[in-house]
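Here's start20.tsv, which has TSV, C-alpha atoms:
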```
chain	number	residue	atom	x	y	z
A	15	MET	CA	-60.10	-92.94	-20.61
A	16	LYS	CA	-61.25	-96.50	-21.18
A	17	LYS	CA	-62.65	-96.96	-24.66
A	18	SER	CA	-65.98	-98.29	-23.45
A	19	LYS	CA	-66.30	-95.49	-20.87
A	20	SER	CA	-65.51	-92.71	-23.31
A	21	LYS	CA	-68.34	-90.25	-22.67
A	22	TYR	CA	-66.01	-87.35	-22.04
A	23	LEU	CA	-63.71	-88.31	-24.90
A	24	THR	CA	-66.73	-88.42	-27.16
A	25	LEU	CA	-67.68	-84.96	-25.97
A	26	ALA	CA	-64.17	-83.84	-26.76
A	27	GLY	CA	-65.05	-84.12	-30.42
A	28	LEU	CA	-67.81	-81.57	-30.13
A	29	VAL	CA	-67.20	-78.02	-31.34
A	30	LEU	CA	-69.66	-75.28	-30.42
A	31	GLY	CA	-70.84	-72.65	-32.84
A	32	THR	CA	-68.01	-70.36	-31.75
A	33	GLY	CA	-65.54	-72.85	-33.16
A	34	ILE	CA	-63.86	-73.31	-29.79
A	35	LEU	CA	-62.99	-76.84	-28.75
A	36	LEU	CA	-63.97	-77.08	-25.11
A	37	SER	CA	-61.70	-79.88	-23.98
A	38	ALA	CA	-58.03	-80.62	-23.96
A	39	CYS	CA	-55.78	-83.46	-22.94
A	40	GLY	CA	-52.34	-82.55	-21.75
A	41	ASN	CA	-49.25	-84.19	-20.33
A	42	SER	CA	-47.75	-82.74	-17.18
A	43	SER	CA	-44.12	-82.99	-16.19
A	44	THR	CA	-44.97	-86.29	-14.49
A	45	GLY	CA	-46.38	-87.73	-17.70
A	46	SER	CA	-49.96	-87.90	-16.45
A	47	LYS	CA	-52.82	-87.16	-18.83
A	48	THR	CA	-55.56	-84.77	-17.75
A	49	TYR	CA	-58.87	-84.33	-19.52
A	50	ASN	CA	-60.70	-81.00	-19.11
A	51	TYR	CA	-64.27	-80.27	-20.06
A	52	VAL	CA	-67.37	-78.42	-18.85
A	53	TYR	CA	-70.66	-79.52	-17.26
A	54	SER	CA	-73.88	-77.54	-17.03
A	55	SER	CA	-75.89	-79.10	-14.17
A	56	ASP	CA	-74.94	-80.40	-10.74
A	57	PRO	CA	-75.93	-83.99	-10.04
A	58	SER	CA	-78.74	-84.10	-7.50
A	59	SER	CA	-77.54	-87.51	-6.34
A	60	LEU	CA	-75.01	-90.28	-6.92
A	61	ASN	CA	-77.65	-92.87	-6.04
A	62	TYR	CA	-77.50	-94.73	-9.33
A	63	LEU	CA	-80.02	-97.35	-8.19
A	64	ALA	CA	-82.80	-94.93	-7.23
A	65	GLU	CA	-82.38	-92.11	-9.75
A	66	ASN	CA	-82.52	-92.21	-13.53
A	67	ARG	CA	-81.26	-88.79	-14.52
A	68	ALA	CA	-78.54	-87.87	-16.97
A	69	THR	CA	-76.77	-85.72	-14.37
A	70	THR	CA	-76.38	-88.83	-12.20
A	71	ASN	CA	-75.84	-91.48	-14.85
A	72	ASP	CA	-73.26	-89.56	-16.87
A	73	ILE	CA	-71.07	-89.41	-13.79
A	74	VAL	CA	-71.72	-92.76	-12.15
A	75	THR	CA	-71.13	-94.84	-15.28
A	76	ASN	CA	-67.50	-93.74	-15.09
A	77	LEU	CA	-67.31	-94.81	-11.43
A	78	VAL	CA	-69.31	-98.05	-11.24
A	79	ASP	CA	-69.41	-100.95	-13.70
A	80	GLY	CA	-72.35	-103.14	-14.67
A	81	LEU	CA	-72.47	-106.63	-16.12
A	82	MET	CA	-72.16	-105.45	-19.71
A	83	GLU	CA	-71.10	-102.22	-21.39
A	84	ASN	CA	-70.85	-100.63	-24.81
A	85	ASP	CA	-67.57	-100.68	-26.69
A	86	GLN	CA	-66.47	-97.75	-28.86
A	87	TYR	CA	-68.69	-99.06	-31.68
A	88	GLY	CA	-71.81	-99.43	-29.54
A	89	ASN	CA	-71.62	-103.22	-29.30
A	90	TYR	CA	-72.50	-104.90	-26.01
A	91	VAL	CA	-69.43	-106.50	-24.46
A	92	PRO	CA	-68.71	-108.07	-21.06
A	93	SER	CA	-67.71	-105.76	-18.21
A	94	LEU	CA	-68.04	-107.15	-14.66
A	95	ALA	CA	-69.47	-110.24	-16.35
A	96	GLU	CA	-66.54	-112.11	-17.86
A	97	ASP	CA	-68.87	-114.44	-19.72
A	98	TRP	CA	-72.59	-115.09	-20.06
A	99	SER	CA	-75.08	-117.58	-21.48
A	100	VAL	CA	-78.80	-117.68	-22.25
A	101	SER	CA	-81.16	-120.64	-22.06
A	102	LYS	CA	-82.75	-122.05	-25.21
A	103	ASP	CA	-86.14	-120.62	-24.26
A	104	GLY	CA	-84.62	-117.14	-23.90
A	105	LEU	CA	-85.82	-116.77	-20.31
A	106	THR	CA	-82.68	-117.37	-18.24
A	107	TYR	CA	-79.51	-115.29	-18.47
A	108	THR	CA	-76.51	-116.48	-16.47
A	109	TYR	CA	-73.46	-114.27	-15.94
A	110	LYS	CA	-70.05	-115.35	-14.66
A	111	LEU	CA	-68.33	-112.49	-12.87
A	112	ARG	CA	-64.64	-111.78	-13.24
A	113	LYS	CA	-62.70	-112.66	-10.12
A	114	ASP	CA	-60.54	-109.52	-10.22
A	115	ALA	CA	-63.51	-107.11	-9.87
A	116	LYS	CA	-63.29	-105.19	-6.58
A	117	TRP	CA	-65.05	-102.44	-4.69
A	118	PHE	CA	-62.91	-99.45	-3.67
A	119	THR	CA	-63.50	-96.46	-1.46
A	120	SER	CA	-63.13	-92.91	-2.76
A	121	GLU	CA	-59.59	-93.01	-1.35
A	122	GLY	CA	-58.75	-96.01	-3.52
A	123	GLU	CA	-58.69	-98.51	-0.66
A	124	GLU	CA	-59.97	-102.00	-1.46
A	125	TYR	CA	-63.28	-102.59	0.32
A	126	ALA	CA	-64.53	-105.99	-0.89
A	127	PRO	CA	-64.82	-108.20	-3.97
A	128	VAL	CA	-67.74	-107.60	-6.30
A	129	THR	CA	-70.00	-110.64	-5.90
A	130	ALA	CA	-73.18	-111.98	-7.45
A	131	GLN	CA	-75.09	-111.07	-4.29
A	132	ASP	CA	-74.29	-107.40	-4.95
A	133	PHE	CA	-76.54	-107.53	-8.02
A	134	VAL	CA	-79.37	-109.11	-6.02
A	135	THR	CA	-78.92	-106.46	-3.32
A	136	GLY	CA	-78.94	-103.73	-5.94
A	137	LEU	CA	-82.22	-104.75	-7.56
A	138	LYS	CA	-83.94	-105.26	-4.20
A	139	TYR	CA	-82.82	-101.81	-3.06
A	140	ALA	CA	-84.06	-100.27	-6.33
A	141	ALA	CA	-87.44	-101.96	-5.92
A	142	ASP	CA	-87.78	-100.98	-2.26
A	143	LYS	CA	-86.86	-97.38	-3.05
A	144	LYS	CA	-89.25	-97.21	-6.01
A	145	SER	CA	-86.45	-96.32	-8.38
A	146	GLU	CA	-87.18	-93.88	-11.17
A	147	ALA	CA	-85.89	-96.54	-13.60
A	148	LEU	CA	-88.14	-99.41	-12.48
A	149	TYR	CA	-90.11	-99.14	-15.72
A	150	LEU	CA	-87.08	-100.59	-17.52
A	151	VAL	CA	-87.16	-103.91	-15.68
A	152	GLN	CA	-90.44	-104.18	-13.73
A	153	ASP	CA	-92.19	-106.27	-16.39
A	154	SER	CA	-89.00	-107.99	-17.52
A	155	VAL	CA	-87.71	-109.82	-14.44
A	156	ALA	CA	-89.99	-112.64	-13.31
A	157	GLY	CA	-91.83	-111.83	-10.08
A	158	LEU	CA	-90.56	-108.26	-9.85
A	159	ASP	CA	-93.89	-106.63	-10.67
A	160	ASP	CA	-95.64	-108.66	-7.95
A	161	TYR	CA	-92.98	-107.64	-5.42
A	162	ILE	CA	-93.22	-103.96	-6.33
A	163	ASN	CA	-97.01	-103.99	-6.18
A	164	GLY	CA	-97.08	-105.74	-2.82
A	165	LYS	CA	-98.54	-109.05	-4.00
A	166	THR	CA	-95.56	-110.67	-2.28
A	167	SER	CA	-93.10	-109.38	0.28
A	168	ASP	CA	-90.62	-112.18	-0.38
A	169	PHE	CA	-87.87	-110.94	-2.68
A	170	SER	CA	-86.61	-114.49	-3.14
A	171	THR	CA	-89.56	-114.99	-5.52
A	172	VAL	CA	-88.03	-112.42	-7.89
A	173	GLY	CA	-86.01	-113.77	-10.80
A	174	VAL	CA	-82.55	-112.70	-9.74
A	175	LYS	CA	-80.33	-115.17	-7.90
A	176	ALA	CA	-76.75	-115.43	-6.73
A	177	LEU	CA	-75.93	-119.04	-7.63
A	178	ASP	CA	-72.51	-118.61	-6.04
A	179	ASP	CA	-70.13	-115.70	-5.44
A	180	GLN	CA	-69.24	-115.45	-9.14
A	181	THR	CA	-72.55	-116.38	-10.80
A	182	VAL	CA	-75.66	-114.21	-11.02
A	183	GLN	CA	-78.75	-115.39	-12.86
A	184	TYR	CA	-81.80	-113.51	-14.12
A	185	THR	CA	-85.07	-115.22	-15.02
A	186	LEU	CA	-87.32	-113.18	-17.29
A	187	ALA	CA	-91.09	-113.11	-17.47
A	188	ARG	CA	-90.89	-113.40	-21.25
A	189	PRO	CA	-88.06	-113.63	-23.77
A	190	GLU	CA	-86.30	-110.32	-24.44
A	191	PRO	CA	-83.56	-110.62	-27.05
A	192	TYR	CA	-82.45	-107.12	-26.04
A	193	TRP	CA	-82.08	-107.98	-22.32
A	194	ASN	CA	-78.31	-107.47	-22.34
A	195	SER	CA	-78.85	-103.84	-23.32
A	196	LYS	CA	-80.72	-103.34	-20.05
A	197	THR	CA	-77.75	-104.57	-18.01
A	198	THR	CA	-75.95	-101.36	-19.00
A	199	SER	CA	-78.64	-99.38	-17.14
A	200	THR	CA	-77.64	-98.29	-13.65
A	201	ILE	CA	-80.73	-99.83	-12.05
A	202	LEU	CA	-79.09	-103.23	-12.67
A	203	PHE	CA	-75.72	-102.17	-11.26
A	204	PRO	CA	-74.42	-103.86	-8.10
A	205	VAL	CA	-74.11	-102.47	-4.59
A	206	ASN	CA	-72.34	-103.87	-1.54
A	207	ALA	CA	-74.83	-104.68	1.23
A	208	ASP	CA	-72.49	-103.88	4.14
A	209	PHE	CA	-71.60	-100.49	2.68
A	210	LEU	CA	-75.24	-99.75	1.91
A	211	LYS	CA	-76.21	-100.50	5.50
A	212	SER	CA	-73.35	-98.42	6.91
A	213	LYS	CA	-74.40	-95.37	4.90
A	214	GLY	CA	-78.14	-95.63	5.45
A	215	ASP	CA	-79.94	-92.61	4.03
A	216	ASP	CA	-76.61	-91.01	3.15
A	217	PHE	CA	-75.95	-93.58	0.42
A	218	GLY	CA	-75.63	-91.74	-2.88
A	219	LYS	CA	-75.65	-88.22	-1.45
A	220	VAL	CA	-73.34	-86.10	-3.56
A	221	ASP	CA	-70.06	-86.68	-1.80
A	222	PRO	CA	-67.26	-88.94	-3.07
A	223	ALA	CA	-67.34	-91.01	0.13
A	224	ASN	CA	-71.02	-91.97	-0.17
A	225	ILE	CA	-70.63	-94.64	-2.86
A	226	LEU	CA	-68.19	-97.44	-3.60
A	227	TYR	CA	-66.31	-97.68	-6.87
A	228	SER	CA	-65.93	-100.65	-9.20
A	229	GLY	CA	-65.29	-98.63	-12.35
A	230	PRO	CA	-62.29	-96.96	-14.01
A	231	PHE	CA	-62.39	-93.70	-12.03
A	232	LEU	CA	-62.70	-92.48	-8.46
A	233	MET	CA	-64.47	-89.21	-7.73
A	234	LYS	CA	-61.96	-87.05	-5.90
A	235	ALA	CA	-63.82	-83.74	-5.58
A	236	PHE	CA	-67.20	-82.15	-6.05
A	237	VAL	CA	-67.91	-78.46	-5.47
A	238	SER	CA	-71.43	-77.40	-6.42
A	239	LYS	CA	-71.56	-75.19	-9.50
A	240	SER	CA	-67.79	-75.19	-9.64
A	241	VAL	CA	-65.88	-78.40	-10.36
A	242	ILE	CA	-66.07	-82.19	-10.49
A	243	GLU	CA	-62.82	-84.15	-10.49
A	244	PHE	CA	-62.12	-87.82	-11.21
A	245	LYS	CA	-58.88	-89.75	-10.84
A	246	LYS	CA	-57.97	-93.04	-12.51
A	247	ASN	CA	-58.26	-96.05	-10.23
A	248	PRO	CA	-54.88	-97.80	-10.68
A	249	ASN	CA	-56.31	-101.03	-9.24
A	250	TYR	CA	-59.29	-101.20	-11.60
A	251	TRP	CA	-59.61	-104.61	-13.27
A	252	ASP	CA	-59.16	-103.08	-16.74
A	253	ALA	CA	-56.78	-100.25	-15.82
A	254	LYS	CA	-54.56	-100.93	-18.83
A	255	ASN	CA	-57.35	-99.66	-21.09
A	256	VAL	CA	-57.97	-96.44	-19.16
A	257	PHE	CA	-55.94	-93.83	-21.00
A	258	VAL	CA	-56.63	-90.71	-18.94
A	259	ASP	CA	-55.26	-90.18	-15.44
A	260	ASP	CA	-57.37	-87.22	-14.33
A	261	VAL	CA	-60.68	-85.68	-15.42
A	262	LYS	CA	-61.61	-82.14	-14.46
A	263	LEU	CA	-65.07	-80.78	-15.26
A	264	ALA	CA	-65.67	-77.07	-14.79
A	265	TYR	CA	-69.17	-75.72	-14.26
A	266	TYR	CA	-70.58	-73.71	-17.15
A	267	ASP	CA	-74.24	-72.67	-17.32
A	268	GLY	CA	-74.06	-70.76	-20.60
A	269	SER	CA	-74.63	-67.33	-19.07
A	270	ASP	CA	-71.15	-66.05	-19.90
A	271	GLN	CA	-70.25	-66.98	-23.46
A	272	ASP	CA	-66.87	-65.28	-23.20
A	273	ALA	CA	-65.93	-67.64	-20.35
A	274	LEU	CA	-65.36	-70.44	-22.86
A	275	VAL	CA	-62.73	-68.42	-24.68
A	276	ARG	CA	-61.07	-67.22	-21.46
A	277	ASN	CA	-60.90	-70.70	-19.97
A	278	PHE	CA	-59.66	-72.25	-23.17
```
Mind turning this structure into structure tokens?
Amino acid sequence: MKKSKSKYLTLAGLVLGTGILLSACGNSSTGSKTYNYVYSSDPSSLNYLAENRATTNDIVTNLVDGLMENDQYGNYVPSLAEDWSVSKDGLTYTYKLRKDAKWFTSEGEEYAPVTAQDFVTGLKYAADKKSEALYLVQDSVAGLDDYINGKTSDFSTVGVKALDDQTVQYTLARPEPYWNSKTTSTILFPVNADFLKSKGDDFGKVDPANILYSGPFLMKAFVSKSVIEFKKNPNYWDAKNVFVDDVKLAYYDGSDQDALVRNF
């Protein structure tokens, strides 16, 4: 798995009180690497823009990239943003997107490039849907609070702009030296407007086909209270740093302690 998307690899280091390691990586006869672990709660949604729950975010952050991400040491490093700059007054953050970032379907078919407008579309959708995570950015982005509270219905007054296809700019209401940390939150993730429109209310419903993928993995299967499966996206912009080919999460609610030993 990619170093900066290593949630499940981090979990692999955990040992429960029984002393049983719950995950294992193995090589098949084809040389592929599979990561196995357990999960305890079904995601209620894959709508990363509207929901702010661990069951959603822990999955989606392996499927969709944001502007910045954490490396293995917790530092903030560029992801979909290849480079960025901040104005001297600390109010304007400008991000240059990498040109090789693409959207893919759950089948791995290229859908469209990731563009600056996708970030504008994402924040507008989150505001219109009254996202559970609005508290993170409502008072940060200039004009966003007025839009959310109905003082204006013109989203162009909000401080997020697509300057061109590869440049997205945020204007803040006040300086926030920690702003880049917020770009790792899913509420600031992008979404493709055409796909969003085509899905309507089905966007983000828990089915692999109801979101697009710009991250290291594609969701290949979800069976409620049974299994979640990911597969490496070979066309991901940073595929060379994704070190796991398949991820399989088996449902475990803690009711059968002996199941851990049997499955291991």
- Query: Which value, in Å to one decimal, gives the distance between atom CA of Lys175 of chain A and atom CA of Asp142 of chain A?
  - Reply: 17.0 Å
- So how many Å separate atom CA of Gln183 of chain A and atom CA of Thr108 of chain A, to one decimal? 4.4 Å
Quick one: which segment 48-123 of chain A residues come within 6 Å of segment 189-197 of chain A, and what is the nearest atom pair for each with the distance in Å to one decimal, counting all atoms listed in the file, rows ordered by chain and ascending number, as a tab-separated table?
```
residue	atom	partner	partner_atom	distance
A:Leu81	CA	A:Thr197	CA	6.0
A:Met82	CA	A:Thr197	CA	5.9
A:Gly104	CA	A:Pro189	CA	4.9
A:Leu105	CA	A:Pro189	CA	5.2
```
How would the residues just chosen look if you wrote them out with C-alpha atoms as a PDB file, in the coordinates of the input?
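Listing of part-v3.pdb after writing:
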```
ATOM      1  CA  LEU A  81     -72.470-106.630 -16.120  1.00  0.00           C
ATOM      2  CA  MET A  82     -72.160-105.450 -19.710  1.00  0.00           C
ATOM      3  CA  GLY A 104     -84.620-117.140 -23.900  1.00  0.00           C
ATOM      4  CA  LEU A 105     -85.820-116.770 -20.310  1.00  0.00           C
TER       5      LEU A 105
END
```
- Task: List every protein, DNA or RNA residue that has at least one atom no more than 12 Å from (-74.7, -89.0, -1.8) in the file's coordinates, counting only C-alpha atoms, and write the result as an MDAnalysis selection string.
- Result: chainID A and resid 57:65 70 74 210 213:226 233 236
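By chain and then residue number, the residues within 6 Å of Glu96 of chain A are Lys110, Leu111 and Arg112 of chain A, counting only C-alpha atoms and disregarding those fewer than 5 positions away in sequence.
Checking A:Phe133, A:Tyr51, A:Tyr149, A:Trp117 one by one against Leu177 of chain A, counting all atoms listed in the file, you find the shortest gap at A:Phe133.
In this comparison, which uses all atoms listed in the file, the residue of A:Thr129, A:Asn76, A:Thr135, A:Ser212 approaching Leu94 of chain A most closely is A:Thr129.
Atom CA of Ile73 of chain A is found 15.4 Å from atom CA of Val258 of chain A.
Using only C-alpha atoms, the nearest neighbour of Ser154 of chain A within the list A:Ala187, A:Val205, A:Val172, A:Ala126 is A:Ala187.
Minimum atom-to-atom distance to Asn163 of chain A, evaluated using all atoms listed in the file, belongs to A:Ala141 out of A:Ser55, A:Ala141, A:Glu146, A:Glu123.
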- Please identify all polymer residues within 9 Å of Glu83 of chain A, counting only C-alpha atoms, omitting same-chain residues fewer than 2 positions from it, and present them as JSON, numbers by chain. {"A": [18, 19, 79, 80, 81, 85, 88, 89, 90, 91, 92, 93, 94, 194, 195, 197, 198]}
Could you give me the centre and size, in Å to one decimal, of an axis-aligned box around all listed atoms of segment 235-249 of chain A with 5 Å added on every side, as lines of an AutoDock Vina configuration file?
```
center_x = -63.2
center_y = -88.1
center_z = -9.0
size_x = 26.7
size_y = 35.8
size_z = 17.0
```
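At a cut-off of 8 Å from (-76.4, -115.0, -18.7), the residue set is Asp97, Trp98, Ser99, Val100, Thr106, Tyr107, Thr108, Tyr109, Lys110, Val182, Gln183 and Tyr184 of chain A (counting all atoms listed in the file).
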Any chance you could export the current selection's C-alpha atoms as a compact mmCIF listing (two decimals), in the coordinates of the input?
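So the final result, stored in again_32.txt, reads:
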```
# COMPACT_ATOMS: atom_id res chain seq x y z
CA ASP A 97 -68.87 -114.44 -19.72
CA TRP A 98 -72.59 -115.09 -20.06
CA SER A 99 -75.08 -117.58 -21.48
CA VAL A 100 -78.80 -117.68 -22.25
CA THR A 106 -82.68 -117.37 -18.24
CA TYR A 107 -79.51 -115.29 -18.47
CA THR A 108 -76.51 -116.48 -16.47
CA TYR A 109 -73.46 -114.27 -15.94
CA LYS A 110 -70.05 -115.35 -14.66
CA VAL A 182 -75.66 -114.21 -11.02
CA GLN A 183 -78.75 -115.39 -12.86
CA TYR A 184 -81.80 -113.51 -14.12
```
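Proximity of A:Ala207, A:Ala253, A:Ile162, A:Ala264 to Ser238 of chain A, computed with all atoms listed in the file, is greatest for A:Ala264.
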